[in-house]
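Trainee: TSV, C-alpha atoms and all ligand atoms, file protein-v4.tsv:
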```tsv
chain	number	residue	atom	x	y	z
A	14	MET	CA	80.66	204.26	-63.86
A	15	LEU	CA	77.17	203.44	-62.69
A	16	VAL	CA	77.06	199.81	-61.63
A	17	ASP	CA	73.44	198.80	-61.91
A	18	ASN	CA	73.58	195.08	-62.44
A	19	ILE	CA	75.49	192.50	-60.46
A	20	THR	CA	75.39	188.85	-59.43
A	21	LEU	CA	76.29	187.93	-55.91
A	22	LEU	CA	76.67	184.72	-53.93
A	23	ILE	CA	75.62	184.80	-50.32
A	24	LYS	CA	76.14	182.10	-47.75
A	25	ALA	CA	74.67	182.23	-44.28
A	26	GLY	CA	76.70	180.77	-41.43
A	27	ASN	CA	76.46	177.08	-40.56
A	28	GLY	CA	75.17	176.06	-37.16
A	29	GLY	CA	77.80	174.97	-34.66
A	30	ASN	CA	77.87	171.28	-33.71
A	31	GLY	CA	76.59	170.07	-30.40
A	32	ALA	CA	79.18	168.44	-28.15
A	33	ALA	CA	79.11	164.81	-26.98
A	34	THR	CA	81.10	164.91	-23.78
A	35	PHE	CA	80.84	163.56	-20.24
A	36	LEU	CA	81.54	165.18	-16.93
A	37	ARG	CA	85.04	164.36	-15.74
A	38	ASN	CA	86.80	165.96	-12.81
A	39	GLY	CA	88.63	165.18	-9.58
A	40	GLN	CA	85.45	164.04	-7.84
A	41	THR	CA	83.75	162.42	-10.80
A	42	ALA	CA	85.35	159.72	-12.82
A	43	LYS	CA	82.28	158.68	-14.73
A	44	GLY	CA	79.87	161.60	-14.80
A	45	GLY	CA	76.82	162.11	-16.97
A	46	PRO	CA	76.64	163.81	-20.37
A	47	ASP	CA	77.65	167.48	-20.34
A	48	GLY	CA	77.95	168.44	-24.02
A	49	GLY	CA	76.60	171.92	-24.77
A	50	ASN	CA	74.62	173.04	-27.80
A	51	GLY	CA	76.20	174.65	-30.81
A	52	GLY	CA	75.42	178.28	-31.67
A	53	ASN	CA	73.34	179.38	-34.66
A	54	GLY	CA	75.00	180.55	-37.85
A	55	GLY	CA	74.67	184.19	-38.90
A	56	ASN	CA	71.75	185.29	-41.09
A	57	ILE	CA	72.21	187.59	-44.06
A	58	TYR	CA	69.78	190.47	-44.42
A	59	PHE	CA	69.40	193.12	-47.10
A	60	GLN	CA	68.16	196.58	-46.32
A	61	GLY	CA	67.68	199.82	-48.27
A	62	SER	CA	69.97	202.76	-47.59
A	63	THR	CA	70.26	206.29	-48.87
A	64	ASN	CA	74.01	206.32	-48.23
A	65	THR	CA	74.77	204.27	-51.28
A	66	SER	CA	73.66	205.14	-54.80
A	67	ASP	CA	74.83	202.23	-56.86
A	68	LEU	CA	76.04	198.65	-56.63
A	69	LYS	CA	79.77	199.46	-56.98
A	70	GLN	CA	80.51	197.94	-53.60
A	71	PHE	CA	79.86	194.47	-55.07
A	72	ARG	CA	81.99	194.87	-58.15
A	73	PHE	CA	84.92	192.97	-56.67
A	74	GLN	CA	83.24	191.25	-53.78
A	75	LYS	CA	81.23	188.53	-55.42
A	76	LYS	CA	80.66	186.38	-52.36
A	77	ILE	CA	79.48	187.38	-48.94
A	78	ARG	CA	79.57	184.91	-46.12
A	79	ALA	CA	78.25	185.15	-42.60
A	80	THR	CA	80.21	183.42	-39.86
A	81	ASP	CA	79.37	180.00	-38.43
A	82	GLY	CA	77.98	179.33	-34.99
A	83	VAL	CA	80.54	178.11	-32.46
A	84	SER	CA	80.41	174.44	-31.47
A	85	GLY	CA	79.17	173.44	-28.03
A	86	LYS	CA	81.72	172.48	-25.41
A	87	ARG	CA	82.01	170.29	-22.38
A	88	LYS	CA	80.60	171.47	-19.04
A	89	LYS	CA	77.34	172.30	-20.87
A	90	LEU	CA	78.93	175.31	-22.48
A	91	PHE	CA	76.81	176.59	-25.32
A	92	GLY	CA	78.58	177.79	-28.43
A	93	LYS	CA	78.07	181.45	-29.32
A	94	ASN	CA	75.57	182.44	-31.97
A	95	ALA	CA	77.27	184.08	-34.94
A	96	HIS	CA	76.62	187.73	-35.76
A	97	HIS	CA	74.08	188.49	-38.44
A	98	ILE	CA	75.13	190.50	-41.47
A	99	THR	CA	73.11	193.32	-43.02
A	100	ILE	CA	73.99	194.32	-46.56
A	101	TYR	CA	72.93	197.84	-47.48
A	102	VAL	CA	71.78	198.50	-51.02
A	103	PRO	CA	70.35	201.59	-52.69
A	104	ILE	CA	66.63	202.13	-52.70
A	105	GLY	CA	65.30	200.87	-56.01
A	106	THR	CA	67.34	197.67	-55.94
A	107	ARG	CA	65.55	194.59	-57.18
A	108	ILE	CA	66.90	191.33	-55.80
A	109	THR	CA	66.18	188.15	-57.74
A	110	ASP	CA	66.92	184.70	-56.35
A	111	MET	CA	68.40	183.13	-59.46
A	112	ASP	CA	67.36	179.60	-58.49
A	113	SER	CA	63.79	180.12	-57.32
A	114	GLY	CA	63.08	183.23	-59.38
A	115	SER	CA	61.53	185.03	-56.42
A	116	VAL	CA	61.92	188.79	-56.46
A	117	ILE	CA	62.21	191.44	-53.77
A	118	GLU	CA	62.02	195.18	-54.41
A	119	VAL	CA	63.85	197.34	-51.91
A	120	THR	CA	61.77	200.49	-51.61
A	121	ASP	CA	62.47	201.88	-48.14
A	122	THR	CA	65.23	202.11	-45.55
A	123	THR	CA	63.39	200.43	-42.72
A	124	THR	CA	62.47	196.92	-43.86
A	125	PRO	CA	65.16	194.26	-43.49
A	126	PHE	CA	64.82	191.27	-45.82
A	127	LEU	CA	66.13	187.94	-44.61
A	128	LEU	CA	67.75	186.44	-47.70
A	129	ALA	CA	69.83	183.63	-46.24
A	130	HIS	CA	68.96	181.90	-43.04
A	131	GLY	CA	71.82	180.78	-40.80
A	132	GLY	CA	71.98	177.10	-39.84
A	133	SER	CA	70.74	176.01	-36.41
A	134	GLY	CA	73.17	174.93	-33.76
A	135	GLY	CA	73.12	171.20	-32.99
A	136	ARG	CA	72.07	170.03	-29.55
A	137	GLY	CA	74.72	168.65	-27.24
A	138	ASN	CA	74.37	165.18	-25.71
A	139	ASP	CA	73.21	166.70	-22.43
A	140	GLU	CA	69.84	167.34	-24.10
A	141	PHE	CA	69.45	163.74	-25.13
A	142	LYS	CA	69.71	162.09	-21.73
A	143	SER	CA	66.53	160.35	-20.67
A	144	SER	CA	65.36	157.76	-18.17
A	145	THR	CA	66.16	155.03	-20.66
A	146	ASN	CA	69.47	156.43	-21.87
A	147	GLN	CA	71.49	158.22	-19.26
A	148	THR	CA	74.69	158.28	-21.28
A	149	PRO	CA	73.85	159.26	-24.87
A	150	MET	CA	77.01	159.18	-26.92
A	151	TYR	CA	75.71	161.33	-29.74
A	152	ALA	CA	75.10	164.99	-30.30
A	153	GLU	CA	73.53	166.79	-33.25
A	154	LYS	CA	75.54	168.43	-35.95
A	155	GLY	CA	74.69	172.01	-36.79
A	156	THR	CA	72.64	172.46	-39.95
A	157	LEU	CA	74.05	174.27	-42.99
A	158	GLY	CA	73.40	177.93	-43.59
A	159	GLU	CA	71.44	178.80	-46.73
A	160	GLU	CA	73.37	179.66	-49.84
A	161	LYS	CA	71.90	181.75	-52.63
A	162	LYS	CA	72.85	183.18	-55.94
A	163	LEU	CA	71.32	186.60	-56.36
A	164	LEU	CA	70.92	189.05	-59.19
A	165	LEU	CA	70.92	192.64	-58.01
A	166	GLU	CA	69.53	195.25	-60.39
A	167	LEU	CA	69.20	198.89	-59.66
A	168	ARG	CA	66.42	201.07	-60.92
A	169	LEU	CA	66.99	204.65	-59.94
A	170	ILE	CA	63.88	206.00	-58.35
A	171	ALA	CA	63.22	209.48	-59.61
A	172	ASP	CA	60.00	211.46	-59.65
A	173	ILE	CA	60.83	213.24	-62.88
A	174	GLY	CA	62.58	211.87	-65.96
A	175	LEU	CA	64.20	214.00	-68.66
A	176	ILE	CA	63.89	212.35	-72.03
A	177	GLY	CA	64.51	213.30	-75.63
A	178	LEU	CA	66.85	212.90	-78.57
A	179	PRO	CA	70.61	213.25	-78.06
A	180	ASN	CA	71.80	216.83	-77.70
A	181	ALA	CA	68.32	218.16	-76.83
A	182	GLY	CA	69.66	219.87	-73.72
A	183	LYS	CA	68.56	217.40	-71.05
A	184	SER	CA	71.75	217.44	-69.00
A	185	SER	CA	72.01	221.23	-69.23
A	186	LEU	CA	68.55	221.45	-67.79
A	187	LEU	CA	69.40	219.09	-64.97
A	188	ALA	CA	72.42	221.24	-64.19
A	189	VAL	CA	70.42	224.47	-63.92
A	190	LEU	CA	67.46	222.97	-62.08
A	191	THR	CA	69.41	220.97	-59.51
A	192	ASN	CA	72.69	220.62	-57.68
A	193	ALA	CA	73.85	217.93	-60.10
A	194	THR	CA	76.91	218.49	-62.30
A	195	PRO	CA	76.41	216.28	-65.34
A	196	LYS	CA	78.74	216.37	-68.30
A	197	ILE	CA	77.42	218.66	-71.03
A	198	GLY	CA	78.65	218.72	-74.59
A	199	ASN	CA	77.62	219.97	-77.99
A	200	TYR	CA	77.48	216.50	-79.47
A	201	PRO	CA	75.13	213.50	-79.23
A	202	PHE	CA	75.62	210.93	-76.49
A	203	THR	CA	77.43	213.17	-74.08
A	204	THR	CA	75.54	211.44	-71.32
A	205	LEU	CA	76.62	207.82	-71.05
A	206	GLU	CA	74.86	206.92	-67.87
A	207	PRO	CA	71.97	208.40	-65.92
A	208	ASN	CA	72.49	211.41	-63.68
A	209	ILE	CA	70.29	212.29	-60.76
A	210	GLY	CA	69.73	215.67	-59.14
A	211	MET	CA	67.33	216.95	-56.54
A	212	LEU	CA	64.71	219.54	-57.40
A	213	GLY	CA	63.62	220.41	-53.88
A	214	LYS	CA	62.74	217.01	-52.52
A	215	HIS	CA	62.06	215.46	-55.91
A	216	PRO	CA	64.80	213.50	-57.66
A	217	ILE	CA	65.14	214.18	-61.39
A	218	ALA	CA	66.84	211.68	-63.69
A	219	ASP	CA	68.65	212.66	-66.86
A	220	ILE	CA	69.16	209.68	-69.13
A	221	PRO	CA	71.22	209.29	-72.29
A	222	GLY	CA	69.54	210.46	-75.48
A	223	LEU	CA	67.26	208.05	-77.31
A	224	ILE	CA	67.44	207.41	-81.03
A	225	GLU	CA	65.38	205.44	-83.48
A	226	GLY	CA	65.95	201.76	-82.80
A	227	ALA	CA	66.99	202.33	-79.19
A	228	SER	CA	64.58	199.66	-78.01
A	229	ARG	CA	66.36	197.20	-80.32
A	230	GLY	CA	69.72	198.17	-78.89
A	231	ARG	CA	70.81	201.12	-81.05
A	232	GLY	CA	72.56	204.00	-79.34
A	233	LEU	CA	72.74	203.92	-75.56
A	234	GLY	CA	69.25	204.72	-74.47
A	235	ILE	CA	67.51	201.42	-74.07
A	236	ALA	CA	69.59	200.10	-71.20
A	237	PHE	CA	68.54	203.14	-69.26
A	238	LEU	CA	64.83	203.22	-69.99
A	239	LYS	CA	64.35	201.03	-66.95
A	240	HIS	CA	65.52	203.95	-64.84
A	241	ILE	CA	62.54	206.05	-65.86
A	242	GLU	CA	59.99	203.25	-65.55
A	243	LYS	CA	59.08	204.43	-62.10
A	244	THR	CA	59.10	208.17	-62.57
A	245	LYS	CA	55.88	210.07	-62.06
A	246	ILE	CA	56.41	212.69	-64.77
A	247	LEU	CA	58.36	212.84	-68.00
A	248	VAL	CA	59.79	216.03	-69.44
A	249	HIS	CA	60.23	215.53	-73.14
A	250	CYS	CA	62.98	217.89	-74.31
A	251	ILE	CA	63.02	218.99	-77.94
A	252	ASP	CA	65.39	221.53	-79.42
A	253	SER	CA	63.40	224.69	-80.31
A	254	ALA	CA	65.31	224.93	-83.56
A	255	ASP	CA	64.45	221.37	-84.56
A	256	GLU	CA	63.08	221.39	-88.07
A	257	ASN	CA	60.83	218.43	-87.51
A	258	PRO	CA	59.60	218.40	-83.91
A	259	GLN	CA	56.85	215.96	-84.78
A	260	LYS	CA	59.45	213.44	-85.83
A	261	ALA	CA	61.64	214.16	-82.82
A	262	TYR	CA	58.67	213.52	-80.57
A	263	ASP	CA	57.51	210.39	-82.37
A	264	ILE	CA	60.91	208.72	-82.45
A	265	VAL	CA	61.16	208.80	-78.70
A	266	HIS	CA	57.57	207.67	-78.26
A	267	GLN	CA	57.93	204.78	-80.65
A	268	GLU	CA	60.87	203.54	-78.62
A	269	PHE	CA	58.79	203.78	-75.48
A	270	GLN	CA	56.05	201.78	-77.07
A	271	GLN	CA	58.50	199.04	-78.02
A	272	TYR	CA	59.99	198.97	-74.57
A	273	SER	CA	56.97	199.24	-72.34
A	274	ALA	CA	53.65	200.85	-73.14
A	275	SER	CA	53.28	201.95	-69.50
A	276	LEU	CA	55.82	204.69	-70.21
A	277	LEU	CA	53.34	206.26	-72.62
A	278	ASN	CA	50.71	206.66	-69.93
A	279	LYS	CA	52.81	208.91	-67.74
A	280	PRO	CA	52.01	212.59	-67.50
A	281	GLU	CA	54.37	214.35	-69.85
A	282	ILE	CA	55.43	217.93	-70.40
A	283	ILE	CA	56.71	218.80	-73.84
A	284	LEU	CA	59.56	221.23	-73.39
A	285	PHE	CA	61.13	223.19	-76.22
A	286	THR	CA	64.69	223.90	-75.11
A	287	LYS	CA	67.38	226.40	-76.10
A	288	THR	CA	64.88	229.14	-77.03
A	289	ASP	CA	67.75	231.65	-77.04
A	290	LEU	CA	69.11	229.94	-80.14
A	291	ALA	CA	65.85	229.87	-82.13
A	292	THR	CA	63.77	232.59	-83.75
A	293	GLN	CA	60.41	233.52	-82.28
A	294	GLU	CA	58.73	232.29	-85.45
A	295	ALA	CA	60.36	228.90	-85.30
A	296	ILE	CA	59.39	228.51	-81.65
A	297	LYS	CA	55.80	229.52	-82.32
A	298	LYS	CA	55.51	227.18	-85.29
A	299	ASN	CA	57.01	224.24	-83.38
A	300	LYS	CA	54.74	224.80	-80.41
A	301	GLU	CA	51.72	224.73	-82.67
A	302	ILE	CA	52.80	221.47	-84.26
A	303	LEU	CA	52.87	219.65	-80.94
A	304	GLN	CA	49.93	221.43	-79.34
A	305	ASN	CA	47.60	218.70	-80.57
A	306	LYS	CA	49.16	216.01	-78.33
A	307	GLY	CA	47.00	217.04	-75.42
A	308	LYS	CA	50.10	217.70	-73.30
A	309	LYS	CA	51.34	220.81	-71.64
A	310	VAL	CA	53.83	222.53	-73.94
A	311	LEU	CA	56.47	224.80	-72.40
A	312	THR	CA	59.59	226.54	-73.64
A	313	CYS	CA	62.83	227.29	-71.88
A	314	SER	CA	66.39	228.38	-72.15
A	315	ILE	CA	68.99	227.69	-69.50
A	316	TYR	CA	69.79	231.42	-69.74
A	317	ASP	CA	66.19	232.51	-69.08
A	318	GLN	CA	65.46	232.20	-65.38
A	319	GLU	CA	61.81	233.09	-65.82
A	320	SER	CA	61.26	230.15	-68.17
A	321	LEU	CA	62.97	227.85	-65.68
A	322	ASP	CA	60.76	229.10	-62.86
A	323	LEU	CA	57.66	228.42	-64.96
A	324	LEU	CA	58.93	224.91	-65.63
A	325	LYS	CA	59.56	224.30	-61.93
A	326	GLN	CA	56.08	225.57	-61.17
A	327	ALA	CA	54.49	223.25	-63.73
A	328	LEU	CA	56.43	220.29	-62.29
A	329	GLU	CA	55.40	221.12	-58.73
A	330	ASN	CA	51.78	221.34	-59.81
A	331	LEU	CA	51.88	217.97	-61.51
A	332	LEU	CA	53.58	216.28	-58.54
B	1	LIG	N1	72.37	228.40	-75.98
B	1	LIG	C1	71.92	227.35	-75.32
B	1	LIG	N2	72.59	226.17	-75.38
B	1	LIG	C2	72.10	225.12	-74.71
B	1	LIG	C3	70.93	225.21	-73.93
B	1	LIG	N3	70.69	223.98	-73.37
B	1	LIG	C4	71.69	223.19	-73.81
B	1	LIG	N4	72.53	223.85	-74.61
B	1	LIG	C5	73.73	223.31	-75.30
B	1	LIG	O1	73.32	222.20	-76.08
B	1	LIG	C6	74.33	221.19	-76.11
B	1	LIG	C7	73.78	219.86	-75.68
B	1	LIG	O2	73.42	219.93	-74.32
B	1	LIG	P1	73.33	218.67	-73.37
B	1	LIG	O3	72.69	219.16	-72.12
B	1	LIG	O4	74.62	217.96	-73.26
B	1	LIG	O5	72.30	217.76	-74.19
B	1	LIG	P2	71.75	216.31	-73.81
B	1	LIG	O6	70.32	216.26	-74.22
B	1	LIG	O7	72.03	215.99	-72.41
B	1	LIG	O8	72.59	215.40	-74.79
B	1	LIG	P3	72.96	213.83	-74.68
B	1	LIG	O9	73.49	213.59	-73.33
B	1	LIG	O10	73.97	213.64	-75.72
B	1	LIG	O11	71.69	213.10	-74.96
B	1	LIG	C8	75.46	221.72	-75.23
B	1	LIG	O12	76.42	222.35	-76.04
B	1	LIG	C9	74.77	222.76	-74.35
B	1	LIG	O13	75.62	223.78	-73.92
B	1	LIG	C10	70.24	226.48	-73.88
B	1	LIG	O14	69.18	226.64	-73.23
B	1	LIG	N5	70.79	227.49	-74.59
B	2	MG	MG	73.11	214.55	-71.64
```
Would you mind writing the file out in structure tokens?
Ligand SMILES: Nc1nc2c(ncn2[C@@H]2O[C@H](COP(=O)(O)OP(=O)(O)OP(=O)(O)O)[C@@H](O)[C@H]2O)c(=O)[nH]1
Ligand SMILES: [Mg+2]
Mentor:
Amino acid sequence: MLVDNITLLIKAGNGGNGAATFLRNGQTAKGGPDGGNGGNGGNIYFQGSTNTSDLKQFRFQKKIRATDGVSGKRKKLFGKNAHHITIYVPIGTRITDMDSGSVIEVTDTTTPFLLAHGGSGGRGNDEFKSSTNQTPMYAEKGTLGEEKKLLLELRLIADIGLIGLPNAGKSSLLAVLTNATPKIGNYPFTTLEPNIGMLGKHPIADIPGLIEGASRGRGLGIAFLKHIEKTKILVHCIDSADENPQKAYDIVHQEFQQYSASLLNKPEIILFTKTDLATQEAIKKNKEILQNKGKKVLTCSIYDQESLDLLKQALENLL
């Protein structure tokens, strides 16, 4: 199961308290203040990683806490600073602070984001001695670490998105173009969650089929449209034997329009699939019907390597 949506509590470490102590030893019965400072609490950072592809790791761990700074001790001993924590999330994760509403998009593997600041260690009484007060009795307490409630949402970042009605052959195409092994079946809604494969260095996403009303929650498609929001190219798959390709095309486009018009502005290749199952006449007629869209129209069969090579070429050119 693709976990693409999760809430998470994070709590940075509290600062350690400063100590209020006085030097006492065999030679000194009434020494001056010697309380050390407390250590700082651990920060919590988020950083992108390519070693994780979804948010599964947080499914059962709903709270992450960094450790507290250690309190100061007598003999001016400073408490240790706590270790910082870095939480690795997939690239394409959007992190929303549910209280402030501020949003961070994780788009690379090199930028750490400080999400919860650890508390500062309190100063020990040694730091408070002055000419007017040589024996301060007080020390600072450490401050509290920040606590935040976060919403983590994952948008897969793919360069190419395969779209179309259910059963159009999207997953089959992903399987022959890439190393991915999606489930393929001769029935609608075989794909229940997005699959990703690599075409050379370009990720391709295969999403569940879209049907009329998807943007209002029918079928499965709408929840996954967000995964193709950021693709550079769409490949619109239509069965070559479809008796009404115009309708097949329009249904998917209408759902796009409802969801986000920006999807309509992406470069799109119209791809008639499964040519081995259709007659030449049907293919020719269908191509003509959609020729007027001003998009590149291609045909392919997963059993026709030449057609797949032409498709790859067209994709490379567009990227
Ligand atoms: N003969 C032939 N069959 C194909 C071809 N491409 C796909 N199919 C078959 O068409 C059916 C549907 O293929 P899928 O790849 O699962 O279709 P999909 O678009 O991913 O479907 P959903 O996930 O339900 O949206 C399967 O039975 C495939 O074997 C092709 O080029 N030739
Ligand atoms: Mg599929």
Trainee: List every residue of chain A that has an atom at most 8 Å from any atom of ligand MG 2 (chain B), giving for each one its closest atom pair and the distance in Å to one decimal, counting all atoms listed in the file, sorted by chain and then by ascending residue number, as CSV.
Mentor:
```
residue,atom,partner,partner_atom,distance
A:Pro179,CA,B:MG2,MG,7.0
A:Asn180,CA,B:MG2,MG,6.6
A:Ala181,CA,B:MG2,MG,7.9
A:Gly182,CA,B:MG2,MG,6.7
A:Lys183,CA,B:MG2,MG,5.4
A:Ser184,CA,B:MG2,MG,4.1
A:Ser185,CA,B:MG2,MG,7.2
A:Pro195,CA,B:MG2,MG,7.3
A:Lys196,CA,B:MG2,MG,6.8
A:Ile197,CA,B:MG2,MG,6.0
A:Gly198,CA,B:MG2,MG,7.5
A:Pro201,CA,B:MG2,MG,7.9
A:Phe202,CA,B:MG2,MG,6.6
A:Thr203,CA,B:MG2,MG,5.1
A:Thr204,CA,B:MG2,MG,4.0
A:Leu205,CA,B:MG2,MG,7.6
A:Asp219,CA,B:MG2,MG,6.8
A:Ile220,CA,B:MG2,MG,6.8
A:Pro221,CA,B:MG2,MG,5.6
A:Gly222,CA,B:MG2,MG,6.6
```
Trainee: A:Glu206, A:Glu268, A:Asp139, A:Glu294: which is nearest ligand LIG 1 (chain B), counting only C-alpha atoms and all ligand atoms?
Mentor: A:Glu206
Trainee: Which of these, A:Thr123, A:Gln40, A:Gln60, A:Thr20, has the shortest distance to Phe73 in chain A once you count only C-alpha atoms?
Mentor: A:Thr20
Trainee: Between A:Gly85, A:Pro125, A:Pro216, A:Gly131, which residue has the minimum interatomic distance to Asp172 in chain A, considering all atoms listed in the file?
Mentor: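 The answer is A:Pro216, which sits nearest to Asp172 in chain A.
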Trainee: One decimal, Å: what's the distance from CA of Gly26 in chain A over to CA of Ile98 in chain A, could you say?
Mentor: 9.9 Å
Trainee: Measure the distance from CA of Gln70 in chain A to CA of Gly114 in chain A in Å and round it to one decimal.
Mentor: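 That distance, rounded to one decimal, is 23.5 Å.
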Trainee: Between A:Ile302, A:Ala261, A:Ala274, A:Ile224, single out the one closest to ligand LIG 1 (chain B), counting only C-alpha atoms and all ligand atoms.
Mentor: A:Ile224
Trainee: Let me make sure I understand: among A:Val83, A:Val119, A:Leu284, A:Ile170, which one has the smallest atom-to-atom distance to ligand LIG 1 (chain B) if we use only C-alpha atoms and all ligand atoms?
Mentor: A:Leu284
Trainee: Would you kindly place N, CA and C atoms on range 292-313 of chain A and return the model as a JSON list (two decimals), keeping the file's coordinate frame?
Mentor:
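Saved result, result29.json, follows:
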```json
[["chain", "number", "residue", "atom", "x", "y", "z"],
["A", 292, "THR", "N", 64.56, 231.37, -83.51],
["A", 292, "THR", "CA", 63.77, 232.59, -83.75],
["A", 292, "THR", "C", 62.39, 232.43, -83.12],
["A", 293, "GLN", "N", 61.75, 233.56, -82.85],
["A", 293, "GLN", "CA", 60.41, 233.52, -82.28],
["A", 293, "GLN", "C", 59.45, 232.75, -83.19],
["A", 294, "GLU", "N", 59.62, 232.97, -84.50],
["A", 294, "GLU", "CA", 58.73, 232.29, -85.45],
["A", 294, "GLU", "C", 58.87, 230.77, -85.36],
["A", 295, "ALA", "N", 60.12, 230.35, -85.35],
["A", 295, "ALA", "CA", 60.36, 228.90, -85.30],
["A", 295, "ALA", "C", 59.75, 228.30, -84.02],
["A", 296, "ILE", "N", 59.92, 229.02, -82.92],
["A", 296, "ILE", "CA", 59.39, 228.51, -81.65],
["A", 296, "ILE", "C", 57.87, 228.41, -81.72],
["A", 297, "LYS", "N", 57.27, 229.47, -82.25],
["A", 297, "LYS", "CA", 55.80, 229.52, -82.32],
["A", 297, "LYS", "C", 55.28, 228.38, -83.20],
["A", 298, "LYS", "N", 55.94, 228.22, -84.34],
["A", 298, "LYS", "CA", 55.51, 227.18, -85.29],
["A", 298, "LYS", "C", 55.64, 225.79, -84.65],
["A", 299, "ASN", "N", 56.78, 225.55, -84.00],
["A", 299, "ASN", "CA", 57.01, 224.24, -83.38],
["A", 299, "ASN", "C", 56.02, 223.95, -82.26],
["A", 300, "LYS", "N", 55.72, 224.98, -81.49],
["A", 300, "LYS", "CA", 54.74, 224.80, -80.41],
["A", 300, "LYS", "C", 53.40, 224.38, -80.98],
["A", 301, "GLU", "N", 53.02, 225.03, -82.07],
["A", 301, "GLU", "CA", 51.72, 224.73, -82.67],
["A", 301, "GLU", "C", 51.66, 223.28, -83.16],
["A", 302, "ILE", "N", 52.79, 222.84, -83.71],
["A", 302, "ILE", "CA", 52.80, 221.47, -84.26],
["A", 302, "ILE", "C", 52.52, 220.44, -83.17],
["A", 303, "LEU", "N", 53.05, 220.66, -81.98],
["A", 303, "LEU", "CA", 52.87, 219.65, -80.94],
["A", 303, "LEU", "C", 51.74, 219.95, -79.96],
["A", 304, "GLN", "N", 51.04, 221.05, -80.21],
["A", 304, "GLN", "CA", 49.93, 221.43, -79.34],
["A", 304, "GLN", "C", 48.83, 220.36, -79.31],
["A", 305, "ASN", "N", 48.71, 219.66, -80.44],
["A", 305, "ASN", "CA", 47.60, 218.70, -80.57],
["A", 305, "ASN", "C", 47.79, 217.40, -79.77],
["A", 306, "LYS", "N", 48.91, 217.26, -79.06],
["A", 306, "LYS", "CA", 49.16, 216.01, -78.33],
["A", 306, "LYS", "C", 48.37, 215.94, -77.03],
["A", 307, "GLY", "N", 47.74, 217.04, -76.69],
["A", 307, "GLY", "CA", 47.00, 217.04, -75.42],
["A", 307, "GLY", "C", 47.93, 217.12, -74.21],
["A", 308, "LYS", "N", 49.15, 217.57, -74.41],
["A", 308, "LYS", "CA", 50.10, 217.70, -73.30],
["A", 308, "LYS", "C", 50.42, 219.17, -73.09],
["A", 309, "LYS", "N", 50.91, 219.44, -71.90],
["A", 309, "LYS", "CA", 51.34, 220.81, -71.64],
["A", 309, "LYS", "C", 52.61, 221.07, -72.45],
["A", 310, "VAL", "N", 52.64, 222.19, -73.15],
["A", 310, "VAL", "CA", 53.83, 222.53, -73.94],
["A", 310, "VAL", "C", 54.47, 223.77, -73.34],
["A", 311, "LEU", "N", 55.74, 223.66, -72.98],
["A", 311, "LEU", "CA", 56.47, 224.80, -72.40],
["A", 311, "LEU", "C", 57.73, 225.06, -73.22],
["A", 312, "THR", "N", 58.32, 226.22, -72.98],
["A", 312, "THR", "CA", 59.59, 226.54, -73.64],
["A", 312, "THR", "C", 60.57, 226.96, -72.56],
["A", 313, "CYS", "N", 61.85, 226.80, -72.84],
["A", 313, "CYS", "CA", 62.83, 227.29, -71.88],
["A", 313, "CYS", "C", 64.20, 227.48, -72.52]]
```
